[in-house]
Amino acid sequence: MPVRVNWDRNPVSVHHENNDVLESLILYLRNKFGIRKRSLVMVDREEGGYLFFLYEPCNPRWILEYEDLNDDKEE
């Protein structure tokens, strides 16, 4: 299942069914691109699953790159 990102929201919200996937994405964004301003991962009460918020700019390509890396690991 892909990570869902709501780019129209301020702050941007990042969603997934699995808490561990979001925690891994946070580490990836921090270690590779220096993204540090974000919320903790929390339960998504509106859509189910989990989410976190980004409080600084993030290039959409970075999240796609993370998903590509994880798709390669699953194969």
# chains A, B, ... in the order shown; residues from 1 in each chain; ligands from 1

$ residues_around --residues "segment 1-17 of chain A" --least-positions-apart "4" --cutoff "10 Å" --atoms "only C-alpha atoms" --output "list of chain:residue names"
A:Val21, A:Leu22, A:Leu25, A:Arg38, A:Ser39, A:Val41, A:Met42, A:Val43, A:Asp44, A:Glu47, A:Gly48, A:Gly49, A:Tyr50, A:Leu51, A:Phe52, A:Phe53, A:Leu54, A:Tyr55, A:Glu56, A:Pro57, A:Cys58, A:Pro60, A:Ile63, A:Leu64, A:Tyr66, A:Glu67, A:Asp71

$ select_by_dssp --residues "chain A" --states "strand (DSSP E or B)" --output "compact mmCIF listing (two decimals) with N, CA and C atoms, in the first residue's frame"
# COMPACT_ATOMS: atom_id res chain seq x y z
N ARG A 4 0.11 7.88 1.46
CA ARG A 4 -0.76 8.93 0.93
C ARG A 4 -0.33 10.26 1.55
N VAL A 5 -0.22 11.28 0.71
CA VAL A 5 0.19 12.60 1.17
C VAL A 5 -0.86 13.61 0.74
N ASN A 6 -1.32 14.41 1.68
CA ASN A 6 -2.28 15.46 1.37
C ASN A 6 -1.50 16.78 1.23
N VAL A 12 1.15 19.84 5.67
CA VAL A 12 0.99 18.65 4.84
C VAL A 12 0.86 17.44 5.76
N SER A 13 -0.09 16.55 5.43
CA SER A 13 -0.26 15.33 6.22
C SER A 13 0.16 14.11 5.40
N VAL A 14 0.79 13.15 6.09
CA VAL A 14 1.29 11.94 5.46
C VAL A 14 0.59 10.76 6.13
N HIS A 15 -0.01 9.87 5.34
CA HIS A 15 -0.87 8.80 5.85
C HIS A 15 -0.40 7.43 5.39
N HIS A 16 -0.62 6.42 6.23
CA HIS A 16 -0.40 5.02 5.86
C HIS A 16 -1.09 4.14 6.88
N ARG A 38 8.41 18.05 12.18
CA ARG A 38 7.26 17.18 11.90
C ARG A 38 6.63 16.79 13.23
N MET A 42 0.65 9.53 14.71
CA MET A 42 -0.54 9.38 15.54
C MET A 42 -1.63 8.65 14.78
N VAL A 43 -2.63 8.20 15.51
CA VAL A 43 -3.78 7.52 14.89
C VAL A 43 -4.56 8.52 14.05
N TYR A 50 -2.66 5.59 10.26
CA TYR A 50 -1.82 6.52 11.02
C TYR A 50 -1.44 7.70 10.14
N LEU A 51 -0.95 8.77 10.78
CA LEU A 51 -0.51 9.94 10.04
C LEU A 51 0.50 10.73 10.84
N PHE A 52 1.22 11.59 10.15
CA PHE A 52 2.03 12.62 10.79
C PHE A 52 1.98 13.86 9.91
N PHE A 53 2.37 14.99 10.48
CA PHE A 53 2.35 16.26 9.76
C PHE A 53 3.77 16.75 9.53
N LEU A 54 4.00 17.34 8.36
CA LEU A 54 5.28 17.97 8.02
C LEU A 54 5.15 19.48 8.17

$ atom_distance --atom1 "atom CA of Asp20 of chain A" --atom2 "atom CA of Asn59 of chain A"
21.4 Å

$ atom_distance --atom1 "atom CA of Leu29 of chain A" --atom2 "atom CA of Arg61 of chain A"
11.2 Å

$ atom_distance --atom1 "atom CA of Leu69 of chain A" --atom2 "atom CA of Tyr28 of chain A"
10.4 Å

$ select_by_dssp --residues "segment 4-52 of chain A" --states "alpha helix (DSSP H)" --output "list in words"
Asn19, Asp20, Val21, Leu22, Glu23, Ser24, Leu25, Ile26, Leu27, Tyr28, Leu29, Arg30, Asn31, Lys32 and Phe33 of chain A

$ write_last_selection --atoms "N, CA, C and O atoms" --output "PDB file, in the first residue's frame"
ATOM      1  N   ASN A  19       2.011   1.988  11.098  1.00  0.00           N
ATOM      2  CA  ASN A  19       2.800   2.938  11.878  1.00  0.00           C
ATOM      3  C   ASN A  19       4.292   2.821  11.552  1.00  0.00           C
ATOM      4  O   ASN A  19       4.993   3.826  11.425  1.00  0.00           O
ATOM      5  N   ASP A  20       4.791   1.593  11.403  1.00  0.00           N
ATOM      6  CA  ASP A  20       6.221   1.373  11.158  1.00  0.00           C
ATOM      7  C   ASP A  20       6.680   1.960   9.829  1.00  0.00           C
ATOM      8  O   ASP A  20       7.807   2.436   9.715  1.00  0.00           O
ATOM      9  N   VAL A  21       5.819   1.943   8.823  1.00  0.00           N
ATOM     10  CA  VAL A  21       6.163   2.535   7.522  1.00  0.00           C
ATOM     11  C   VAL A  21       6.375   4.041   7.680  1.00  0.00           C
ATOM     12  O   VAL A  21       7.343   4.603   7.151  1.00  0.00           O
ATOM     13  N   LEU A  22       5.493   4.691   8.435  1.00  0.00           N
ATOM     14  CA  LEU A  22       5.638   6.141   8.630  1.00  0.00           C
ATOM     15  C   LEU A  22       6.877   6.466   9.457  1.00  0.00           C
ATOM     16  O   LEU A  22       7.584   7.435   9.167  1.00  0.00           O
ATOM     17  N   GLU A  23       7.162   5.667  10.480  1.00  0.00           N
ATOM     18  CA  GLU A  23       8.375   5.883  11.279  1.00  0.00           C
ATOM     19  C   GLU A  23       9.618   5.729  10.407  1.00  0.00           C
ATOM     20  O   GLU A  23      10.572   6.506  10.518  1.00  0.00           O
ATOM     21  N   SER A  24       9.608   4.746   9.525  1.00  0.00           N
ATOM     22  CA  SER A  24      10.723   4.531   8.612  1.00  0.00           C
ATOM     23  C   SER A  24      10.863   5.701   7.633  1.00  0.00           C
ATOM     24  O   SER A  24      11.978   6.147   7.346  1.00  0.00           O
ATOM     25  N   LEU A  25       9.746   6.205   7.131  1.00  0.00           N
ATOM     26  CA  LEU A  25       9.763   7.361   6.230  1.00  0.00           C
ATOM     27  C   LEU A  25      10.336   8.589   6.940  1.00  0.00           C
ATOM     28  O   LEU A  25      11.141   9.325   6.372  1.00  0.00           O
ATOM     29  N   ILE A  26       9.948   8.797   8.189  1.00  0.00           N
ATOM     30  CA  ILE A  26      10.476   9.926   8.972  1.00  0.00           C
ATOM     31  C   ILE A  26      11.994   9.834   9.075  1.00  0.00           C
ATOM     32  O   ILE A  26      12.704  10.830   8.869  1.00  0.00           O
ATOM     33  N   LEU A  27      12.503   8.655   9.395  1.00  0.00           N
ATOM     34  CA  LEU A  27      13.959   8.472   9.497  1.00  0.00           C
ATOM     35  C   LEU A  27      14.644   8.727   8.160  1.00  0.00           C
ATOM     36  O   LEU A  27      15.698   9.361   8.100  1.00  0.00           O
ATOM     37  N   TYR A  28      14.038   8.248   7.088  1.00  0.00           N
ATOM     38  CA  TYR A  28      14.590   8.455   5.757  1.00  0.00           C
ATOM     39  C   TYR A  28      14.661   9.949   5.426  1.00  0.00           C
ATOM     40  O   TYR A  28      15.698  10.444   4.975  1.00  0.00           O
ATOM     41  N   LEU A  29      13.562  10.670   5.643  1.00  0.00           N
ATOM     42  CA  LEU A  29      13.535  12.106   5.343  1.00  0.00           C
ATOM     43  C   LEU A  29      14.522  12.881   6.205  1.00  0.00           C
ATOM     44  O   LEU A  29      15.161  13.824   5.741  1.00  0.00           O
ATOM     45  N   ARG A  30      14.672  12.479   7.461  1.00  0.00           N
ATOM     46  CA  ARG A  30      15.614  13.167   8.347  1.00  0.00           C
ATOM     47  C   ARG A  30      17.055  12.893   7.938  1.00  0.00           C
ATOM     48  O   ARG A  30      17.866  13.815   7.815  1.00  0.00           O
ATOM     49  N   ASN A  31      17.374  11.620   7.714  1.00  0.00           N
ATOM     50  CA  ASN A  31      18.765  11.258   7.444  1.00  0.00           C
ATOM     51  C   ASN A  31      19.246  11.680   6.059  1.00  0.00           C
ATOM     52  O   ASN A  31      20.398  12.064   5.898  1.00  0.00           O
ATOM     53  N   LYS A  32      18.364  11.612   5.078  1.00  0.00           N
ATOM     54  CA  LYS A  32      18.791  11.922   3.705  1.00  0.00           C
ATOM     55  C   LYS A  32      18.600  13.396   3.333  1.00  0.00           C
ATOM     56  O   LYS A  32      19.405  13.952   2.586  1.00  0.00           O
ATOM     57  N   PHE A  33      17.538  14.031   3.851  1.00  0.00           N
ATOM     58  CA  PHE A  33      17.205  15.392   3.403  1.00  0.00           C
ATOM     59  C   PHE A  33      17.142  16.424   4.526  1.00  0.00           C
ATOM     60  O   PHE A  33      16.835  17.580   4.286  1.00  0.00           O
TER      61      PHE A  33
END
